[in-house]
Structure formats: structure tokens, C-alpha cells
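K.L.:
Below is the file input.pdb, with PDB, C-alpha atoms, pLDDT in the B column.
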```
ATOM      1  CA  MET U   1      82.677  29.063 110.923  1.00 52.00           C
ATOM      2  CA  ALA U   2      79.479  30.622 109.785  1.00 54.00           C
ATOM      3  CA  PHE U   3      76.478  30.749 111.993  1.00 54.00           C
ATOM      4  CA  THR U   4      73.136  30.061 110.488  1.00 53.00           C
ATOM      5  CA  ALA U   5      69.653  30.241 111.855  1.00 54.00           C
ATOM      6  CA  SER U   6      69.327  26.496 111.619  1.00 55.00           C
ATOM      7  CA  SER U   7      72.320  25.778 113.846  1.00 57.00           C
ATOM      8  CA  GLY U   8      70.699  27.485 116.889  1.00 59.00           C
ATOM      9  CA  HIS U   9      73.491  29.934 117.596  1.00 64.00           C
ATOM     10  CA  THR U  10      72.695  33.647 117.707  1.00 68.00           C
ATOM     11  CA  ARG U  11      75.009  36.222 116.367  1.00 70.00           C
ATOM     12  CA  THR U  12      75.921  39.034 118.807  1.00 71.00           C
ATOM     13  CA  SER U  13      77.582  42.185 117.774  1.00 70.00           C
ATOM     14  CA  LEU U  14      80.260  43.589 120.031  1.00 72.00           C
ATOM     15  CA  ALA U  15      80.439  47.398 119.754  1.00 76.00           C
ATOM     16  CA  GLU U  16      82.585  49.466 122.077  1.00 79.00           C
ATOM     17  CA  ILE U  17      83.155  53.185 121.858  1.00 79.00           C
ATOM     18  CA  ASN U  18      86.702  54.267 122.491  1.00 83.00           C
ATOM     19  CA  ILE U  19      86.368  57.506 124.483  1.00 85.00           C
ATOM     20  CA  THR U  20      90.085  58.134 124.892  1.00 87.00           C
ATOM     21  CA  PRO U  21      90.296  60.464 121.841  1.00 86.00           C
ATOM     22  CA  LEU U  22      87.181  62.307 123.079  1.00 88.00           C
ATOM     23  CA  VAL U  23      88.740  62.888 126.501  1.00 90.00           C
ATOM     24  CA  ASP U  24      91.945  64.094 124.852  1.00 91.00           C
ATOM     25  CA  VAL U  25      90.048  66.630 122.730  1.00 91.00           C
ATOM     26  CA  VAL U  26      88.052  67.884 125.733  1.00 92.00           C
ATOM     27  CA  LEU U  27      91.203  68.333 127.802  1.00 92.00           C
ATOM     28  CA  VAL U  28      92.923  70.242 124.993  1.00 91.00           C
ATOM     29  CA  LEU U  29      89.883  72.545 124.633  1.00 89.00           C
ATOM     30  CA  LEU U  30      89.796  73.073 128.391  1.00 89.00           C
ATOM     31  CA  ILE U  31      93.447  74.110 128.415  1.00 88.00           C
ATOM     32  CA  ILE U  32      92.906  76.464 125.466  1.00 85.00           C
ATOM     33  CA  PHE U  33      89.944  78.164 127.177  1.00 81.00           C
ATOM     34  CA  MET U  34      91.826  78.440 130.461  1.00 81.00           C
ATOM     35  CA  VAL U  35      94.706  80.187 128.712  1.00 79.00           C
ATOM     36  CA  THR U  36      92.640  82.513 126.501  1.00 75.00           C
ATOM     37  CA  ALA U  37      89.934  83.566 129.019  1.00 72.00           C
ATOM     38  CA  PRO U  38      92.201  85.889 131.040  1.00 65.00           C
ATOM     39  CA  LEU U  39      93.515  87.423 127.825  1.00 59.00           C
ATOM     40  CA  LEU U  40      89.976  88.254 126.686  1.00 57.00           C
ATOM     41  CA  MET U  41      89.180  89.969 129.976  1.00 49.00           C
ATOM     42  CA  GLN U  42      92.093  92.355 129.758  1.00 45.00           C
ATOM     43  CA  GLY U  43      91.511  95.838 128.451  1.00 43.00           C
ATOM     44  CA  VAL U  44      92.733  99.362 128.820  1.00 35.00           C
ATOM     45  CA  LYS U  45      93.444 100.231 132.429  1.00 42.00           C
ATOM     46  CA  VAL U  46      91.215 103.090 133.513  1.00 37.00           C
ATOM     47  CA  ASP U  47      91.202 104.911 136.831  1.00 39.00           C
ATOM     48  CA  LEU U  48      87.431 105.254 137.233  1.00 40.00           C
ATOM     49  CA  PRO U  49      86.006 107.957 139.491  1.00 43.00           C
ATOM     50  CA  LYS U  50      84.455 106.780 142.721  1.00 47.00           C
ATOM     51  CA  ALA U  51      80.849 107.653 143.602  1.00 48.00           C
ATOM     52  CA  ALA U  52      78.387 106.377 146.171  1.00 48.00           C
ATOM     53  CA  ALA U  53      75.635 105.809 143.636  1.00 45.00           C
ATOM     54  CA  GLU U  54      73.462 102.867 142.654  1.00 48.00           C
ATOM     55  CA  PRO U  55      72.889 101.867 139.039  1.00 44.00           C
ATOM     56  CA  LEU U  56      69.741 103.188 137.432  1.00 40.00           C
ATOM     57  CA  ASP U  57      67.245 101.092 135.497  1.00 44.00           C
ATOM     58  CA  PRO U  58      67.282 102.054 131.809  1.00 45.00           C
ATOM     59  CA  GLU U  59      63.848 103.095 130.593  1.00 50.00           C
ATOM     60  CA  LEU U  60      62.586 105.199 127.744  1.00 44.00           C
ATOM     61  CA  LEU U  61      61.747 108.728 128.766  1.00 43.00           C
ATOM     62  CA  LYS U  62      58.357 109.684 127.434  1.00 47.00           C
ATOM     63  CA  ASN U  63      57.564 112.893 129.317  1.00 41.00           C
ATOM     64  CA  SER U  64      57.258 116.036 127.210  1.00 54.00           C
ATOM     65  CA  ASN U  65      58.702 118.345 129.883  1.00 75.00           C
ATOM     66  CA  PRO U  66      61.596 116.585 131.676  1.00 83.00           C
ATOM     67  CA  LEU U  67      63.960 118.122 134.190  1.00 87.00           C
ATOM     68  CA  VAL U  68      67.211 118.958 132.356  1.00 86.00           C
ATOM     69  CA  LEU U  69      70.552 119.435 134.095  1.00 89.00           C
ATOM     70  CA  SER U  70      73.049 121.111 131.748  1.00 87.00           C
ATOM     71  CA  ILE U  71      76.804 121.174 132.270  1.00 88.00           C
ATOM     72  CA  ASP U  72      78.837 123.618 130.167  1.00 86.00           C
ATOM     73  CA  LYS U  73      82.517 123.477 129.151  1.00 84.00           C
ATOM     74  CA  ALA U  74      83.590 125.145 132.387  1.00 86.00           C
ATOM     75  CA  GLY U  75      81.702 122.561 134.456  1.00 88.00           C
ATOM     76  CA  LYS U  76      79.000 124.990 135.593  1.00 89.00           C
ATOM     77  CA  LEU U  77      75.572 123.497 136.354  1.00 90.00           C
ATOM     78  CA  TYR U  78      72.266 124.793 134.975  1.00 89.00           C
ATOM     79  CA  LEU U  79      68.757 123.528 135.674  1.00 89.00           C
ATOM     80  CA  ASN U  80      65.694 124.240 133.542  1.00 86.00           C
ATOM     81  CA  VAL U  81      63.522 125.016 136.586  1.00 82.00           C
ATOM     82  CA  GLY U  82      63.318 128.291 138.447  1.00 76.00           C
ATOM     83  CA  SER U  83      62.961 131.874 137.321  1.00 76.00           C
ATOM     84  CA  HIS U  84      66.389 132.060 135.602  1.00 77.00           C
ATOM     85  CA  PRO U  85      67.324 128.765 133.904  1.00 79.00           C
ATOM     86  CA  GLU U  86      70.289 130.454 132.184  1.00 82.00           C
ATOM     87  CA  THR U  87      71.966 131.245 135.536  1.00 85.00           C
ATOM     88  CA  ALA U  88      74.666 128.874 136.827  1.00 87.00           C
ATOM     89  CA  LEU U  89      73.814 127.123 140.087  1.00 89.00           C
ATOM     90  CA  ASP U  90      75.849 125.631 142.899  1.00 91.00           C
ATOM     91  CA  VAL U  91      75.637 121.954 143.858  1.00 93.00           C
ATOM     92  CA  GLU U  92      73.317 122.519 146.838  1.00 94.00           C
ATOM     93  CA  THR U  93      70.840 124.564 144.786  1.00 92.00           C
ATOM     94  CA  VAL U  94      70.758 121.951 142.016  1.00 91.00           C
ATOM     95  CA  GLY U  95      70.118 119.232 144.606  1.00 93.00           C
ATOM     96  CA  ALA U  96      67.396 121.228 146.390  1.00 93.00           C
ATOM     97  CA  ARG U  97      65.562 122.242 143.202  1.00 92.00           C
ATOM     98  CA  THR U  98      65.762 118.726 141.792  1.00 92.00           C
ATOM     99  CA  ALA U  99      64.451 117.249 145.053  1.00 94.00           C
ATOM    100  CA  ALA U 100      61.581 119.770 145.115  1.00 92.00           C
ATOM    101  CA  ALA U 101      60.617 119.042 141.504  1.00 91.00           C
ATOM    102  CA  LEU U 102      60.733 115.291 142.128  1.00 91.00           C
ATOM    103  CA  ARG U 103      58.592 115.613 145.281  1.00 92.00           C
ATOM    104  CA  ARG U 104      55.907 117.324 143.178  1.00 90.00           C
ATOM    105  CA  LYS U 105      56.163 114.717 140.411  1.00 89.00           C
ATOM    106  CA  PRO U 106      58.064 111.561 141.489  1.00 86.00           C
ATOM    107  CA  ASP U 107      58.076 109.972 138.020  1.00 82.00           C
ATOM    108  CA  LEU U 108      59.565 113.064 136.378  1.00 85.00           C
ATOM    109  CA  PRO U 109      62.360 111.966 134.030  1.00 84.00           C
ATOM    110  CA  VAL U 110      65.681 113.714 134.477  1.00 87.00           C
ATOM    111  CA  LEU U 111      68.027 114.371 131.556  1.00 84.00           C
ATOM    112  CA  VAL U 112      71.685 115.346 131.623  1.00 85.00           C
ATOM    113  CA  LYS U 113      72.899 117.599 128.822  1.00 84.00           C
ATOM    114  CA  ALA U 114      76.680 117.799 129.152  1.00 84.00           C
ATOM    115  CA  ASP U 115      79.349 119.343 126.976  1.00 84.00           C
ATOM    116  CA  ARG U 116      81.464 116.640 125.354  1.00 80.00           C
ATOM    117  CA  THR U 117      84.709 118.157 126.666  1.00 83.00           C
ATOM    118  CA  ILE U 118      83.914 117.954 130.387  1.00 86.00           C
ATOM    119  CA  ALA U 119      85.750 115.452 132.531  1.00 90.00           C
ATOM    120  CA  TYR U 120      84.124 112.084 133.166  1.00 87.00           C
ATOM    121  CA  GLY U 121      84.373 112.709 136.913  1.00 90.00           C
ATOM    122  CA  GLN U 122      82.319 115.898 136.602  1.00 92.00           C
ATOM    123  CA  LEU U 123      79.564 113.967 134.856  1.00 91.00           C
ATOM    124  CA  ILE U 124      79.583 111.318 137.582  1.00 90.00           C
ATOM    125  CA  ASP U 125      79.422 114.016 140.272  1.00 93.00           C
ATOM    126  CA  ALA U 126      76.363 115.508 138.556  1.00 92.00           C
ATOM    127  CA  MET U 127      74.719 112.081 138.370  1.00 92.00           C
ATOM    128  CA  VAL U 128      75.307 111.569 142.114  1.00 93.00           C
ATOM    129  CA  ILE U 129      73.686 114.947 142.873  1.00 94.00           C
ATOM    130  CA  LEU U 130      70.628 113.931 140.859  1.00 93.00           C
ATOM    131  CA  GLN U 131      70.413 110.512 142.455  1.00 92.00           C
ATOM    132  CA  LYS U 132      70.719 111.882 145.993  1.00 93.00           C
ATOM    133  CA  ALA U 133      67.904 114.306 145.144  1.00 93.00           C
ATOM    134  CA  GLY U 134      65.689 111.324 144.304  1.00 91.00           C
ATOM    135  CA  ALA U 135      66.015 110.960 140.531  1.00 88.00           C
ATOM    136  CA  ARG U 136      65.114 107.421 139.482  1.00 80.00           C
ATOM    137  CA  LYS U 137      65.204 107.906 135.721  1.00 73.00           C
ATOM    138  CA  VAL U 138      68.208 109.634 134.190  1.00 83.00           C
ATOM    139  CA  GLY U 139      68.952 109.950 130.497  1.00 81.00           C
ATOM    140  CA  PHE U 140      71.558 111.692 128.391  1.00 79.00           C
ATOM    141  CA  VAL U 141      70.854 114.258 125.678  1.00 78.00           C
ATOM    142  CA  THR U 142      72.990 113.838 122.563  1.00 73.00           C
ATOM    143  CA  ASP U 143      73.107 115.217 119.051  1.00 72.00           C
ATOM    144  CA  PRO U 144      72.483 112.827 116.173  1.00 68.00           C
ATOM    145  CA  PRO U 145      75.517 111.936 114.039  1.00 65.00           C
ATOM    146  CA  PRO U 146      75.953 113.888 110.811  1.00 67.00           C
ATOM    147  CA  GLU U 147      74.295 112.401 107.778  1.00 68.00           C
ATOM    148  CA  PRO U 148      76.619 111.124 105.059  1.00 66.00           C
ATOM    149  CA  ALA U 149      76.856 113.339 101.998  1.00 67.00           C
ATOM    150  CA  ARG U 150      74.703 112.162  99.114  1.00 68.00           C
ATOM    151  CA  ARG U 151      76.242 111.665  95.710  1.00 65.00           C
ATOM    152  CA  THR U 152      74.401 113.165  92.776  1.00 61.00           C
TER     153      THR U 152
END
```
For the structure just supplied, provide its representation as C-alpha cells.
P.N.:
Amino acid sequence: MAFTASSGHTRTSLAEINITPLVDVVLVLLIIFMVTAPLLMQGVKVDLPKAAAEPLDPELLKNSNPLVLSIDKAGKLYLNVGSHPETALDVETVGARTAAALRRKPDLPVLVKADRTIAYGQLIDAMVILQKAGARKVGFVTDPPPEPARRT
């Protein structure tokens, strides 16, 4: 039976969306993410050194004469302030000189120049000394990577 405009009946369209396949897909994706998320979080187990230090805000260091703490292969500490910057210092002296320099100029950037072979824990210990002395900005000095050889 065909409905026409002259007969007075109106034609209604019945459209229903079947959401069962959508729910199935969402549940499958949820299960996949629940299984893979812990696997993505795994990594190499590392026994990190412990230090009572707060994270520092990264900021570009723009001062031309920063305070530089150097750590050599043997783990000895050197500071570029004082009458003999090439003389190794003990922890207390480094802390006292850093604190004095930062009292004179509170925004003085502090750089750490460490030998690549020192232990990670030694670097963290040096960072804690600097932070306890009042250093708010700490950066690391590195060498640029070697340039690739040019072909002629």
C-alpha cells in the first residue's frame, strides 16, 4: 500500500542506531589498553641515589660570569671563586663559598662541570651541596658532539 499526499497519511521514517557493536569495540579497546599500559611503564630497574633535594626550575643561564663547580675523575670538587680555583676543596668549603657568592648575588647562575666517568651519586651529592647553599639555577656544562666528517 502506497501512501500519497492526497490520502492524508504521513510517512514516518523509523531509524534506530544499533549501539551493540560500538559497545563491543569500546570494551575490546579498553581491555587492550588495560593490558598494554603496565607493559609501557616498565623499564630498566635502576637503584637511584637518594637526596633531600627539590627539583629546580629549568631556565636559560644568561650571566657572563657564573659560579662553576667542577668535579674531576677522582671526585674532587673545585670552585671558580677564591684565590686558588685550581685547588681541590672539601664539601664544607664548597658549601660556604657558594653560599657567600649567592648572598652577594642571589640570581647568580651555578654550573656543574663534571667528568663523564664520575658516579651518578657523586653528581647528585654535588647538586645537593649547591642547593643547600642556596643555588636556585643550576646548569650542566657539556662539550658539543663531534661534527660529522665532510666528503669531498
K.L.:
Pick out the residues sitting within 7 Å of Leu79 (chain U), and hand them over as number ranges by chain; count only C-alpha atoms, and ignore anything fewer than 5 positions along from it in its own chain.
P.N.:
U: 68-70, 85, 94
K.L.:
For CA of His84 (chain U) and CA of Leu102 (chain U), quote the distance in Å rounded to one decimal.
P.N.:
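One can read the CA of His84 (chain U) to CA of Leu102 (chain U) distance as 18.9 Å.
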K.L.:
Interatomic distance between CA of Pro109 (chain U) and CA of Arg136 (chain U)?
P.N.:
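Interatomic distance here is 7.6 Å.
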K.L.:
Tell me which protein, DNA and RNA residues are within 10 Å of Lys76 (chain U), counting only C-alpha atoms, leaving out same-chain ones fewer than 4 positions away, and put them as number ranges by chain.
P.N.:
U: 70-72, 87-91, 114, 122
K.L.:
Go ahead and save the picked residues with C-alpha atoms, as a JSON list (two decimals), in the frame of the given file.
P.N.:
```json
[["chain", "number", "residue", "atom", "x", "y", "z"],
["U", 70, "SER", "CA", 73.05, 121.11, 131.75],
["U", 71, "ILE", "CA", 76.80, 121.17, 132.27],
["U", 72, "ASP", "CA", 78.84, 123.62, 130.17],
["U", 87, "THR", "CA", 71.97, 131.24, 135.54],
["U", 88, "ALA", "CA", 74.67, 128.87, 136.83],
["U", 89, "LEU", "CA", 73.81, 127.12, 140.09],
["U", 90, "ASP", "CA", 75.85, 125.63, 142.90],
["U", 91, "VAL", "CA", 75.64, 121.95, 143.86],
["U", 114, "ALA", "CA", 76.68, 117.80, 129.15],
["U", 122, "GLN", "CA", 82.32, 115.90, 136.60]]
```
K.L.:
Report, in Å to a single decimal, how far apart CA of Val81 (chain U) and CA of Leu67 (chain U) are.
P.N.:
7.3 Å
K.L.:
Residue by residue, what does the PyMOL selection byres ((chain U and resi 119) around 12) grab here? Present the result as a ChimeraX atom specification.
P.N.:
/U:48-49,71-75,114-118,120-126
K.L.:
Given the file shown, determine the residues that the PyMOL selection byres ((chain U and resi 130) around 9) selects; report them as a list in words.
P.N.:
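Selected by the PyMOL selection byres ((chain U and resi 130) around 9) in this file: Leu69, Val94, Gly95, Thr98, Ala99, Val110, Asp125, Ala126, Met127, Val128, Ile129, Gln131, Lys132, Ala133, Gly134, Ala135, Arg136 and Val138 of chain U.
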K.L.:
Let's have the selection written as a PDB file, in the coordinates of the input, with C-alpha atoms.
P.N.:
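Output (out09.pdb):
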```pdb
ATOM      1  CA  LEU U  69      70.552 119.435 134.095  1.00 89.00           C
ATOM      2  CA  VAL U  94      70.758 121.951 142.016  1.00 91.00           C
ATOM      3  CA  GLY U  95      70.118 119.232 144.606  1.00 93.00           C
ATOM      4  CA  THR U  98      65.762 118.726 141.792  1.00 92.00           C
ATOM      5  CA  ALA U  99      64.451 117.249 145.053  1.00 94.00           C
ATOM      6  CA  VAL U 110      65.681 113.714 134.477  1.00 87.00           C
ATOM      7  CA  ASP U 125      79.422 114.016 140.272  1.00 93.00           C
ATOM      8  CA  ALA U 126      76.363 115.508 138.556  1.00 92.00           C
ATOM      9  CA  MET U 127      74.719 112.081 138.370  1.00 92.00           C
ATOM     10  CA  VAL U 128      75.307 111.569 142.114  1.00 93.00           C
ATOM     11  CA  ILE U 129      73.686 114.947 142.873  1.00 94.00           C
ATOM     12  CA  GLN U 131      70.413 110.512 142.455  1.00 92.00           C
ATOM     13  CA  LYS U 132      70.719 111.882 145.993  1.00 93.00           C
ATOM     14  CA  ALA U 133      67.904 114.306 145.144  1.00 93.00           C
ATOM     15  CA  GLY U 134      65.689 111.324 144.304  1.00 91.00           C
ATOM     16  CA  ALA U 135      66.015 110.960 140.531  1.00 88.00           C
ATOM     17  CA  ARG U 136      65.114 107.421 139.482  1.00 80.00           C
ATOM     18  CA  VAL U 138      68.208 109.634 134.190  1.00 83.00           C
TER      19      VAL U 138
END
```
K.L.:
Determine the nearest neighbour of Glu92 (chain U) from the options U:Leu77, U:Val112, U:Arg104, U:Glu16, counting all atoms listed in the file.
P.N.:
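Nearest to Glu92 (chain U): U:Leu77.
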